[in-house]
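Asks: The structure is given below, and queries will be raised subsequently.
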Amino acid sequence: MSGLRRIRSERLDETLHLGRAAGLRLAVVERPGFATAAGYFGLRFGSTDTRFRPAGGEVIEVPDGAAHFLEHKLFEGREEKVFDRFGRLGADFNGGTGFRSTSYYFVSAGRFEAALEVLLDFVQRPLITEERVEKEKGIIEQEVRMYEDLPQYRGLFLLHRALYAAHPIRIPPGGTVASVRATTAADLQACFDSFYRPANLVLVVAGDLDAERVLARVADQVEPRPELAVERLYPAEPERPAATRLEEEFPVSRPHAWLAWRERGGTGPGAALLERRVLSSLLLELALGDSSELHQELYQAGTVDETFACGYSCDTDYGYAVLSGQCEDPDAWADGLRTAIRRFVARGPDEAELERVRRAAWGSLVSGLQAPGAVAGSVLHSLLLDQEPFGVLAVLERADVAALRERAAELFDPGQEAMAVLRPPAE
Amino acid sequence: MRADRPPLRLLPAPGLELLVLPDARFKRALLQVHFDSPFTDGRSPARVLAAQILEQGTRSHPSQMHLTRAEESLYGASVGLDGRRLADGHRVTLAVSWVGERFLPAGAAVQAGVCALARELLEEPARDAAGQIPAATLERERRQLLRRIRSLSDDRAAYSRQRFLQLLCGDDPFGRPLWGGEEEVAALKEEDLEAARHGLLEQARISAVLVGPADPEEVAAFLADWFGAGGPHADAVRPPLPPVRLDRPDRLREDREALPLDQARLHFGFRFPPPATPEDFEALTLANAILGGGAQGRLFRIVREQRSLCYGISSSLRARKGILAVGAGIDAASYREVRDEILAQAAVVAAGDWSEEEEAAARAGLRDQLDSLADSPSGLARFHDRERLLGFRRTPSERVRDVAAVTRERIAAAAAAWEPALVYLLAPVAAGEEAA
């Protein structure tokens, strides 16, 4: 017996097997009849992990963007570039670095086992040298600068700086041109040695696969490295936003604005975080989604237009609801939205609205779990946050008006509000 | 192999072909109804604004709020209109999708409801008491479109792509944005928008694709009732689309603009005669893959990986229009180096001077893409629609066989037909310089 645990969701028609392979967490999602198979490999180590102390060691401090830089270097491979190895297989592949996690993936039609071998190899066996690090700096600098030209990206990080005085999500995952230039091979090696260990790694595969066979192959390819406790050192965050409003000049044709409400604290990983995310997302849809009366009023009055969007972002120790859009007068825009939110909190959602929005969320959830790559990515996200895969379904089904009213009162706290504006340069 | 399976071809109405790929593996069904009109009818800006207004409500769902509520009630079904260039035409697509009925509560059904909603969107738009587009809606949506036009340069990448295409195409309307210019949008009248809507229903060439867990007979009957005998458009005359205009460059031009930005955007355009046969098409596809079709392409490996001159660089094809476009985000100071390297690498491909490994990777990548189509409803819809437009009508497996048969000589010949036409750079404004 392998010890793989089978989880079945009849309503989503999903079956997956969960277990451990030589220390790393493994999930195999069944996708009978599909031509492609996907491998998603990730860990809880992201751009915000720039100060940490491995057990028994000194505090290590690395430049902003180190996790992202390391992701780039892993793709260089030890003996051969990963691009070339996947290229021979024809597989689609990429990686991504977030605030709290890094992931690597491939999707292949017909070369799954060879592609999985490449994935497991390059993520666990990098070769990081000063020469290789220096060579990569020009490329990453261009990537950082590409994002700097995007108003939605610039504005979002301006908002993060308004919401948080010290939290490292103030800094974009890629870091800055200066921090990229300051990064050394020793920095990246320290990150790799501290975090890239089997106990921290999660592998999710999906396809028309035999779970036991996958388990055996993965177990053979895990680099045996002992578990290492690492204390992540995050700065203390004041109880209130750093600024109620930050404004920056940027070459846009009219102002871009963000209005957000910060959570007072985090929930940690697991079910509580999932519940908070699902309820908050439902709330925003009910309050200002396209089907809400408040959105209709604001749209017809011209307060918001087609650029308006709302969303909820969170991880274990932060979270915020954000409204964004372009407008002529950011203050009038924000006042209109504040008033709408106050009205929504005062009256709360009703049963019929909730049922309708729940149906749409259900359709979106089902539709998002279609191709093997999408399912694998979703399961990896859940496992990295210690959440039951497909657990969103249960939260969605039990959400009720009372819980949403309570969430609304908690989330839209005027004392936790902040605003960011990108305004066009003065003529 | 699912990739071997050709789509069912149904003809619910004269000239309207419905391609069907029923597939119970998928959880969501997708129906696309395409309306193709020529640029030469001069109605593209009106179609853009009309489509935007149509999405604001129907007779029985008189606002965007009501429409969205209808979609939500249908378990997150969606109905929408989208537009894009297609060779020398403007394609408006009515996109409809819904969750497969095996995922719905017992007795619930959405297909018929969402199809009816889709038809209503085009046939029964919201009207005021005089039977006109409500003036407030028209003016609000016009303002939105004008703002979208004015704010195009906020997204430097999108702006540079549009400017490149415009400069590359000169007076060919293909290079113009579908919405035209601000003056054209400002001048549109209610009757122009109504004429545009009628043009879609009565003059545009219509085709459709259905993929996923759907009932094809029911969809065919829906389209037959809408466009077939006895329906409201049974007598419509749908003229054929004119032949595609193809221009050849007389020399390589260079154009440069400056805007306040951090990273410069370079676009390099080549022109070529469009491929006439499946073999020519696959030779061209492989030549593009070897040049810059992905991380295995020469541009990525040499310009990025060897020379560290950019983060992203790739090439893409508009085969029916005979355009190869290379795009890269660079440091403006590297302009000449990147330009010369693109020219040099195109010449390498034209000379057939690539390695066996490169060719094998290009073939493997293309093969994987074609084999992967079987898992993507939208990919399958796009694939079969394009095969129909090209007149080849192959399955993905048949394309795989055609790709395997292409020789190195033929790939090089395809690249040898690329004629450098335009290098465009959107550069940062230098200190003391005026923006473009």
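All residue names refer to the structure tokens as shown: chains lettered A, B, ... in order, residues numbered from 1 in each chain, ligands numbered from 1 in order.
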Kindly provide, as an MDAnalysis selection string, the residues of chain A having any atom no farther than 6 Å from an atom of chain B, counting only C-alpha atoms.
Replies: chainID A and resid 36 87:88 90 109 138:139 142:143 145:146 149 252:253 290:291 356 359:360 363 367 371
Asks: What's the 7 Å shell around A:Arg245, counting only C-alpha atoms, without same-chain residues fewer than 6 positions away, as a PyMOL selection string?
Replies: chain A and resi 162+418-420
Asks: Of the candidates A:Ile169, A:Thr339, A:Asp413, A:Gln370, which one gets nearest to A:Arg240 if we count only C-alpha atoms?
Replies: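 The answer is A:Asp413, which sits nearest to A:Arg240.
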Asks: Could you pull out all residues of stretch 90-299 of chain B with a DSSP call of helix (DSSP H, G or I) and give them as a PyMOL selection string?
Replies: chain B and resi 101-103+111-123+135-150+152-154+156-169+173-175+182-187+190-202+216-227+278-292+298-299
Asks: Nearest residue to A:Glu136 out of A:Leu74, A:Ile7, A:Val107, A:Leu120, using only C-alpha atoms?
Replies: A:Leu74
